[in-house]
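**Student:** Could you have a look at this structure, given as structure tokens, before my questions?
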Amino acid sequence: MNKMIVILSLFICCSCNTNKMSRSDSTIKTVSDKSKSFGSEWWNEFNDPILTNLIEETIESNHDIKIAWTRVCEARAARKAAKSAFLPDITGSGTYQRYQFSDNGIIPIKPLEETGLIDTNHNLYDIGFDASWEIDIFGANRAKGRAATERVYQTIEMYRDVMITLLAELAKNYLQLRGQQHIHKTLEERLLIQHQIIDDFEVKGRSGLLSEVEISRAITAENEIQGAIVASEGLIRAAIYRIGVLIGKHPNSLGEQLGKVGDIPNAPIFDMELVSADIIAKRPDIRALQRSALAQHAEVESAKAAMFPSLYMLALYRFQSLSLADLFKSGSQWWFLGPFVNWKVFERYKLQANVEMNNAQYTRTAEELKRGILLALEDIESSHTFYRTSKERVDYLKKAVASSSQTVELTEKLLNTGLKSYLDHLRAKQEYTVQKENMIRAQVDHHIQTVRLYKALGGC
């Protein structure tokens, strides 16, 4: 835990340093391989081919993952737009105009027309291009470019976080499905034993050896078991439906494939001693918050740079003529080249307010990062605690099942020697099914806590 506190301090310090973050495009390109973007394939540790296939289908077909990926594409496009500010803005245009001067205007058109100096009606042809290029002296555009790049990385980490969450949910539903199928079998075994108990009670009741109260209680227990079976069937169907939706298919598309009872996968043994102290840095939600803080820091720099003058280089080159035949002759060309300064002096208060707003947003993102780290630490510690305690619970319940199994064997031997009744033997078998169900539930819970621990560690 002390190591985690050190990492917390390092993250808080790094959140204000924008120069230590790698901005290599190669990192972004690797995310396009969706099957490898999740880090280590932890689901293979369960050694269940069906689970592995479902995970791979989810990666390829889940709609939430596809939506998250489109956000990455949007951020990339926004980054291209931000970087276009470094290039000259060139506009080509061409016009044709037909003029007629007024005879009653300030200029005496009629006398000039009579002397042949000017025509009342004439054409004007104009074609060329205008170019402007902002020289980023104070770094406003560079800061916007850094912010856009950080937003790309942020969406990539958000994409990874969505994938981690969905794959963990799929594994959880699959484990619950397998566990519930085995619980359903156990309930059916218990119901069969309860039928035998009722038959024994009815025989004794007809002989006057047992009261109707005991028979009524046995029937009540039978109805409770039947109700549990019905509820178990509903949970099985709901898990199949949920898995179908997670892999992007119709809810009932996996009914035939997953409807058959399968083995409960063996949960891998997780050794927290092998986990490095900087594991929190691999969590995509923390990395996304860090990228958000860096992006917002760049937005602050851009807002500050906007308060200074902007310097542009302007260039105009055009052909203009009253006759289309003379349009592209040397005498028809004209051009302009020179600097242009734009300083929004009277918008200073507005620009200052923009700086204050971005500073406040940066402070908020920094606090969100600190809060996120604390929540991540809590998640890791809690997940490890639940993983450890659930494993201990499974160990104890395995002993209980083994002890209950011995009781069944002993009552069977005593039944053959006449020292125990048939009812005692049935009740021992009934208790065994109860202990077995408890163990199955504990195993499934331990498997789910294992998945939760992998998720808390960033899928590593």
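We name chains A, B, ... following the order of the structure tokens; residues begin at 1 in each chain, and ligands are numbered from 1 as shown.
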With 7 Å as the cut-off and only C-alpha atoms counted, what is the closest atom pair between each nearby residue of stretch 93-194 of chain A and stretch 279-288 of chain A? Distances in Å to one decimal, ordered by chain and number, as CSV.

**Tutor:**
residue,atom,partner,partner_atom,distance
A:Gln154,CA,A:Ala288,CA,4.5
A:Glu157,CA,A:Pro284,CA,4.9
A:Met158,CA,A:Ala288,CA,6.1
A:Arg160,CA,A:Pro284,CA,6.2
A:Asp161,CA,A:Pro284,CA,5.3

**Student:** Given the selection you just returned, output its residues as a file containing N, CA, C and O atoms, formatted as a PDB file, in the first residue's frame.

**Tutor:**
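Once everything was written out, this is part.pdb:
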ATOM      1  N   GLN A 154      -6.483  10.323 -25.217  1.00  0.00           N
ATOM      2  CA  GLN A 154      -7.528  10.169 -24.199  1.00  0.00           C
ATOM      3  C   GLN A 154      -8.633   9.242 -24.701  1.00  0.00           C
ATOM      4  O   GLN A 154      -9.081   8.344 -23.978  1.00  0.00           O
ATOM      5  N   GLU A 157      -7.540   5.622 -24.655  1.00  0.00           N
ATOM      6  CA  GLU A 157      -7.621   5.021 -23.314  1.00  0.00           C
ATOM      7  C   GLU A 157      -9.074   4.780 -22.914  1.00  0.00           C
ATOM      8  O   GLU A 157      -9.385   3.774 -22.263  1.00  0.00           O
ATOM      9  N   MET A 158      -9.965   5.670 -23.305  1.00  0.00           N
ATOM     10  CA  MET A 158     -11.389   5.452 -23.024  1.00  0.00           C
ATOM     11  C   MET A 158     -11.897   4.236 -23.787  1.00  0.00           C
ATOM     12  O   MET A 158     -12.725   3.468 -23.274  1.00  0.00           O
ATOM     13  N   ARG A 160     -10.066   1.614 -24.564  1.00  0.00           N
ATOM     14  CA  ARG A 160      -9.534   0.469 -23.831  1.00  0.00           C
ATOM     15  C   ARG A 160     -10.341   0.215 -22.557  1.00  0.00           C
ATOM     16  O   ARG A 160     -10.594  -0.928 -22.186  1.00  0.00           O
ATOM     17  N   ASP A 161     -10.766   1.289 -21.896  1.00  0.00           N
ATOM     18  CA  ASP A 161     -11.542   1.136 -20.669  1.00  0.00           C
ATOM     19  C   ASP A 161     -12.892   0.496 -20.964  1.00  0.00           C
ATOM     20  O   ASP A 161     -13.367  -0.362 -20.207  1.00  0.00           O
TER      21      ASP A 161
END

**Student:** Quick one: pick out all strand (DSSP E) residues within stretch 302-458 of chain A from a backbone DSSP run and write them as a short mmCIF file (atom, residue, chain, number, x, y, z; two decimals) with C-alpha atoms, in the first residue's frame.

**Tutor:**
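Printed below is states.cif as written:
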data_model
loop_
_atom_site.label_atom_id
_atom_site.label_comp_id
_atom_site.auth_asym_id
_atom_site.auth_seq_id
_atom_site.Cartn_x
_atom_site.Cartn_y
_atom_site.Cartn_z
CA SER A 310 -1.52 37.48 -34.51
CA LEU A 311 0.84 37.96 -37.43
CA TYR A 312 -0.22 36.92 -40.91
CA MET A 313 1.50 36.97 -44.30
CA LEU A 314 -0.98 37.86 -47.05
CA ALA A 315 -0.53 37.19 -50.76
CA LEU A 316 -2.90 38.04 -53.63
CA TYR A 317 -2.33 37.28 -57.29
CA ARG A 318 -5.08 37.95 -59.82
CA PHE A 319 -5.87 38.56 -63.49
CA GLN A 320 -8.41 41.31 -64.14
CA SER A 321 -9.61 42.59 -67.52
CA GLN A 333 -2.19 40.78 -63.70
CA TRP A 334 -1.93 42.41 -60.33
CA TRP A 335 -0.61 41.15 -56.98
CA PHE A 336 -0.07 42.05 -53.36
CA LEU A 337 2.32 40.65 -50.73
CA GLY A 338 2.76 41.85 -47.18
CA PRO A 339 2.32 41.23 -43.47
CA PHE A 340 -0.89 41.72 -41.54
CA VAL A 341 -1.24 42.12 -37.77
CA ASN A 342 -4.46 41.36 -35.95
#

**Student:** I need the residues of stretch 152-385 of chain A that end up classed as alpha helix (DSSP H) by DSSP on the backbone, written out as a ChimeraX atom specification.

**Tutor:** /A:152-206,212-246,255-259,284-305,348-385

**Student:** Write out as a PyMOL selection string each polymer residue whose atoms come within 8 Å of stretch 345-355 of chain A, counting only C-alpha atoms; drop sequence neighbours fewer than 3 positions from it.

**Tutor:** chain A and resi 300+303-304+306-307+358-359

**Student:** Output the selection as a PDB file, in the first residue's frame - C-alpha atoms for each residue.

**Tutor:**
ATOM      1  CA  VAL A 300      -4.759  27.100 -21.187  1.00  0.00           C
ATOM      2  CA  ALA A 303      -5.975  30.795 -24.497  1.00  0.00           C
ATOM      3  CA  LYS A 304      -3.071  32.807 -23.096  1.00  0.00           C
ATOM      4  CA  ALA A 306      -4.668  34.356 -28.027  1.00  0.00           C
ATOM      5  CA  MET A 307      -4.275  37.550 -25.961  1.00  0.00           C
ATOM      6  CA  ASN A 358      -9.652  27.243 -19.166  1.00  0.00           C
ATOM      7  CA  ASN A 359      -7.644  27.574 -15.945  1.00  0.00           C
TER       8      ASN A 359
END

**Student:** Name all residues at most 12 Å from A:Met272 (count only C-alpha atoms; drop same-chain ones fewer than 6 positions away) and give them as a ChimeraX atom specification.

**Tutor:** /A:1,279,380-381,383-385,387-388,450,453-454,457,460

**Student:** Find the residue from A:Lys455, A:Lys370, A:Arg178, A:His122 that sits nearest to A:Ile236; use only C-alpha atoms when measuring.

**Tutor:**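 Nearest to A:Ile236: A:Arg178.
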
**Student:** Interatomic distance between atom CA of A:Gln257 and atom CA of A:Ile240?

**Tutor:**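 These atoms are spaced 9.4 Å apart.
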
**Student:** Could you pull the residues within 10 Å of A:Arg291, counting only C-alpha atoms, minus those fewer than 2 positions along the same chain, as a PyMOL selection string?

**Tutor:** chain A and resi 15+18+21+147+149-155+157+285-289+293-297+365+369

**Student:** What does the file look like for those residues with N, CA, C and O atoms, as a tab-separated table (two decimals), in the first residue's frame?

**Tutor:**
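Wrote it out as out-v4.tsv, contents follow:
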chain	number	residue	atom	x	y	z
A	15	SER	N	0.97	15.15	-13.62
A	15	SER	CA	-0.21	15.72	-14.27
A	15	SER	C	0.02	17.16	-14.70
A	15	SER	O	-0.69	17.69	-15.54
A	18	THR	N	3.89	18.58	-19.03
A	18	THR	CA	3.45	18.18	-20.36
A	18	THR	C	4.60	17.76	-21.25
A	18	THR	O	4.38	17.35	-22.38
A	21	MET	N	5.50	13.37	-21.72
A	21	MET	CA	4.57	12.42	-22.29
A	21	MET	C	4.97	12.13	-23.73
A	21	MET	O	5.26	13.03	-24.51
A	147	ALA	N	-3.12	19.90	-27.68
A	147	ALA	CA	-4.38	19.54	-27.04
A	147	ALA	C	-5.14	18.50	-27.85
A	147	ALA	O	-5.67	17.53	-27.30
A	149	THR	N	-3.88	16.35	-29.94
A	149	THR	CA	-3.16	15.07	-29.86
A	149	THR	C	-3.46	14.35	-28.55
A	149	THR	O	-3.68	13.14	-28.52
A	150	GLU	N	-3.47	15.11	-27.46
A	150	GLU	CA	-3.78	14.51	-26.17
A	150	GLU	C	-5.22	13.98	-26.13
A	150	GLU	O	-5.50	12.96	-25.50
A	151	ARG	N	-6.13	14.66	-26.83
A	151	ARG	CA	-7.51	14.17	-26.89
A	151	ARG	C	-7.57	12.84	-27.63
A	151	ARG	O	-8.40	11.97	-27.30
A	152	VAL	N	-6.72	12.67	-28.65
A	152	VAL	CA	-6.68	11.39	-29.35
A	152	VAL	C	-6.27	10.29	-28.39
A	152	VAL	O	-6.90	9.22	-28.30
A	153	TYR	N	-5.18	10.53	-27.65
A	153	TYR	CA	-4.73	9.54	-26.68
A	153	TYR	C	-5.78	9.29	-25.60
A	153	TYR	O	-5.95	8.16	-25.12
A	154	GLN	N	-6.48	10.32	-25.22
A	154	GLN	CA	-7.53	10.17	-24.20
A	154	GLN	C	-8.63	9.24	-24.70
A	154	GLN	O	-9.08	8.34	-23.98
A	155	THR	N	-9.08	9.45	-25.93
A	155	THR	CA	-10.14	8.59	-26.47
A	155	THR	C	-9.67	7.15	-26.66
A	155	THR	O	-10.46	6.21	-26.53
A	157	GLU	N	-7.54	5.62	-24.65
A	157	GLU	CA	-7.62	5.02	-23.31
A	157	GLU	C	-9.07	4.78	-22.91
A	157	GLU	O	-9.38	3.77	-22.26
A	285	ASP	N	-8.49	4.08	-17.34
A	285	ASP	CA	-9.25	5.22	-16.84
A	285	ASP	C	-8.33	6.28	-16.25
A	285	ASP	O	-8.56	7.49	-16.43
A	286	ILE	N	-7.25	5.85	-15.58
A	286	ILE	CA	-6.28	6.81	-15.04
A	286	ILE	C	-5.51	7.47	-16.17
A	286	ILE	O	-5.28	8.69	-16.17
A	287	ARG	N	-5.10	6.70	-17.16
A	287	ARG	CA	-4.37	7.27	-18.29
A	287	ARG	C	-5.23	8.25	-19.07
A	287	ARG	O	-4.75	9.27	-19.56
A	288	ALA	N	-6.53	7.96	-19.18
A	288	ALA	CA	-7.44	8.88	-19.87
A	288	ALA	C	-7.56	10.20	-19.10
A	288	ALA	O	-7.57	11.28	-19.69
A	289	LEU	N	-7.66	10.12	-17.77
A	289	LEU	CA	-7.72	11.33	-16.96
A	289	LEU	C	-6.44	12.14	-17.07
A	289	LEU	O	-6.48	13.38	-17.12
A	293	ALA	N	-6.02	15.97	-18.54
A	293	ALA	CA	-5.37	17.08	-17.85
A	293	ALA	C	-4.31	17.73	-18.74
A	293	ALA	O	-4.19	18.96	-18.78
A	294	LEU	N	-3.55	16.91	-19.46
A	294	LEU	CA	-2.53	17.46	-20.36
A	294	LEU	C	-3.17	18.25	-21.50
A	294	LEU	O	-2.66	19.30	-21.91
A	295	ALA	N	-4.27	17.74	-22.03
A	295	ALA	CA	-4.97	18.45	-23.10
A	295	ALA	C	-5.49	19.79	-22.60
A	295	ALA	O	-5.39	20.82	-23.29
A	296	GLN	N	-6.06	19.79	-21.40
A	296	GLN	CA	-6.58	21.03	-20.85
A	296	GLN	C	-5.47	22.01	-20.54
A	296	GLN	O	-5.64	23.24	-20.67
A	297	HIS	N	-4.30	21.52	-20.13
A	297	HIS	CA	-3.15	22.40	-19.90
A	297	HIS	C	-2.75	23.09	-21.21
A	297	HIS	O	-2.42	24.29	-21.21
A	365	THR	N	-9.88	19.19	-13.99
A	365	THR	CA	-9.35	17.93	-14.51
A	365	THR	C	-8.23	17.40	-13.63
A	365	THR	O	-8.09	16.17	-13.46
A	369	LEU	N	-8.27	13.84	-11.73
A	369	LEU	CA	-7.18	12.88	-11.80
A	369	LEU	C	-6.81	12.38	-10.41
A	369	LEU	O	-6.64	11.17	-10.19

**Student:** Write out as a short mmCIF file (atom, residue, chain, number, x, y, z; two decimals) with all heavy atoms, in the first residue's frame which residues come within 10 Å of A:Ile264 when counting only C-alpha atoms, dropping same-chain ones fewer than 6 positions away.

**Tutor:**
data_model
loop_
_atom_site.label_atom_id
_atom_site.label_comp_id
_atom_site.auth_asym_id
_atom_site.auth_seq_id
_atom_site.Cartn_x
_atom_site.Cartn_y
_atom_site.Cartn_z
N PHE A 46 -8.30 -18.96 -17.76
CA PHE A 46 -9.39 -19.82 -17.30
C PHE A 46 -9.44 -21.15 -18.07
O PHE A 46 -10.20 -22.04 -17.70
CB PHE A 46 -10.73 -19.10 -17.43
CG PHE A 46 -10.95 -18.03 -16.42
CD1 PHE A 46 -10.53 -16.73 -16.66
CD2 PHE A 46 -11.56 -18.30 -15.21
CE1 PHE A 46 -10.72 -15.72 -15.72
CE2 PHE A 46 -11.76 -17.31 -14.26
CZ PHE A 46 -11.33 -16.02 -14.52
N ASP A 48 -10.77 -22.07 -20.87
CA ASP A 48 -12.11 -22.43 -21.36
C ASP A 48 -12.24 -21.95 -22.80
O ASP A 48 -12.35 -20.74 -23.05
CB ASP A 48 -13.18 -21.78 -20.48
CG ASP A 48 -14.58 -22.30 -20.79
OD1 ASP A 48 -14.93 -22.39 -21.97
OD2 ASP A 48 -15.31 -22.63 -19.84
N TYR A 174 -20.80 -15.25 -18.15
CA TYR A 174 -20.51 -16.63 -18.55
C TYR A 174 -20.27 -17.50 -17.32
O TYR A 174 -20.79 -18.62 -17.23
CB TYR A 174 -19.29 -16.67 -19.47
CG TYR A 174 -18.90 -18.06 -19.89
CD1 TYR A 174 -19.60 -18.72 -20.90
CD2 TYR A 174 -17.85 -18.72 -19.28
CE1 TYR A 174 -19.26 -20.01 -21.28
CE2 TYR A 174 -17.49 -20.01 -19.66
CZ TYR A 174 -18.20 -20.65 -20.66
OH TYR A 174 -17.86 -21.93 -21.03
N LEU A 175 -19.51 -17.00 -16.36
CA LEU A 175 -19.25 -17.76 -15.14
C LEU A 175 -20.53 -17.97 -14.34
O LEU A 175 -20.76 -19.05 -13.78
CB LEU A 175 -18.20 -17.03 -14.30
CG LEU A 175 -16.80 -16.95 -14.91
CD1 LEU A 175 -15.93 -15.99 -14.12
CD2 LEU A 175 -16.15 -18.34 -14.97
N GLN A 176 -21.35 -16.93 -14.28
CA GLN A 176 -22.64 -17.08 -13.58
C GLN A 176 -23.52 -18.10 -14.29
O GLN A 176 -24.24 -18.87 -13.63
CB GLN A 176 -23.34 -15.72 -13.51
CG GLN A 176 -22.70 -14.75 -12.54
CD GLN A 176 -23.38 -13.39 -12.55
OE1 GLN A 176 -23.98 -12.99 -13.55
NE2 GLN A 176 -23.27 -12.68 -11.44
N LEU A 177 -23.49 -18.11 -15.62
CA LEU A 177 -24.28 -19.09 -16.37
C LEU A 177 -23.85 -20.51 -16.03
O LEU A 177 -24.70 -21.36 -15.71
CB LEU A 177 -24.11 -18.83 -17.87
CG LEU A 177 -24.66 -19.93 -18.80
CD1 LEU A 177 -26.17 -20.02 -18.68
CD2 LEU A 177 -24.24 -19.66 -20.24
N ARG A 178 -22.55 -20.77 -16.10
CA ARG A 178 -22.07 -22.13 -15.80
C ARG A 178 -22.38 -22.52 -14.36
O ARG A 178 -22.79 -23.65 -14.07
CB ARG A 178 -20.57 -22.21 -16.07
CG ARG A 178 -20.18 -22.12 -17.54
CD ARG A 178 -20.96 -23.07 -18.38
NE ARG A 178 -20.51 -23.11 -19.77
CZ ARG A 178 -21.25 -23.55 -20.77
NH1 ARG A 178 -22.50 -23.95 -20.54
NH2 ARG A 178 -20.78 -23.58 -22.00
N GLY A 179 -22.18 -21.60 -13.45
CA GLY A 179 -22.49 -21.88 -12.06
C GLY A 179 -23.96 -22.16 -11.84
O GLY A 179 -24.34 -23.10 -11.12
N GLN A 180 -24.82 -21.35 -12.48
CA GLN A 180 -26.26 -21.54 -12.30
C GLN A 180 -26.72 -22.85 -12.91
O GLN A 180 -27.66 -23.49 -12.40
CB GLN A 180 -27.00 -20.35 -12.94
CG GLN A 180 -28.42 -20.19 -12.48
CD GLN A 180 -28.51 -19.92 -10.98
OE1 GLN A 180 -27.81 -19.08 -10.45
NE2 GLN A 180 -29.38 -20.65 -10.31
N GLN A 181 -26.10 -23.28 -14.00
CA GLN A 181 -26.46 -24.57 -14.59
C GLN A 181 -26.17 -25.72 -13.63
O GLN A 181 -26.96 -26.66 -13.50
CB GLN A 181 -25.71 -24.76 -15.91
CG GLN A 181 -26.23 -23.89 -17.04
CD GLN A 181 -25.39 -24.01 -18.29
OE1 GLN A 181 -24.20 -24.32 -18.23
NE2 GLN A 181 -25.99 -23.74 -19.44
N HIS A 182 -25.04 -25.64 -12.94
CA HIS A 182 -24.70 -26.69 -11.97
C HIS A 182 -25.59 -26.59 -10.73
O HIS A 182 -25.95 -27.61 -10.14
CB HIS A 182 -23.23 -26.59 -11.59
CG HIS A 182 -22.30 -27.14 -12.63
ND1 HIS A 182 -21.85 -28.43 -12.60
CD2 HIS A 182 -21.78 -26.57 -13.76
CE1 HIS A 182 -21.06 -28.64 -13.65
NE2 HIS A 182 -21.00 -27.52 -14.37
N ILE A 440 -20.70 -24.36 -4.95
CA ILE A 440 -20.78 -23.87 -6.34
C ILE A 440 -20.93 -22.35 -6.36
O ILE A 440 -20.25 -21.65 -7.12
CB ILE A 440 -21.94 -24.54 -7.08
CG1 ILE A 440 -21.67 -26.03 -7.26
CG2 ILE A 440 -22.15 -23.88 -8.45
CD1 ILE A 440 -22.85 -26.81 -7.82
N GLN A 443 -17.63 -20.84 -5.49
CA GLN A 443 -16.67 -20.94 -6.60
C GLN A 443 -16.93 -19.89 -7.66
O GLN A 443 -16.01 -19.24 -8.14
CB GLN A 443 -16.74 -22.35 -7.21
CG GLN A 443 -16.06 -23.43 -6.40
CD GLN A 443 -16.16 -24.78 -7.08
OE1 GLN A 443 -17.15 -25.09 -7.76
NE2 GLN A 443 -15.14 -25.61 -6.89
N VAL A 444 -18.20 -19.74 -8.01
CA VAL A 444 -18.56 -18.74 -9.02
C VAL A 444 -18.21 -17.34 -8.53
O VAL A 444 -17.66 -16.51 -9.27
CB VAL A 444 -20.05 -18.83 -9.38
CG1 VAL A 444 -20.46 -17.67 -10.28
CG2 VAL A 444 -20.35 -20.16 -10.06
N HIS A 447 -14.51 -16.87 -8.84
CA HIS A 447 -14.14 -16.62 -10.23
C HIS A 447 -14.45 -15.18 -10.64
O HIS A 447 -13.65 -14.52 -11.32
CB HIS A 447 -14.88 -17.59 -11.15
CG HIS A 447 -14.45 -19.02 -10.98
ND1 HIS A 447 -13.52 -19.41 -10.06
CD2 HIS A 447 -14.84 -20.15 -11.63
CE1 HIS A 447 -13.34 -20.71 -10.13
NE2 HIS A 447 -14.14 -21.20 -11.07
#

**Student:** One number please: atom CA of A:Gln435 to atom CA of A:Asp263, in Å, one decimal.

**Tutor:**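 That distance, rounded to one decimal, is 18.5 Å.
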
**Student:** Report, in Å to a single decimal, how far apart atom CA of A:Ile215 and atom CA of A:Ala231 are.

**Tutor:**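 These two atoms are separated by 24.6 Å.
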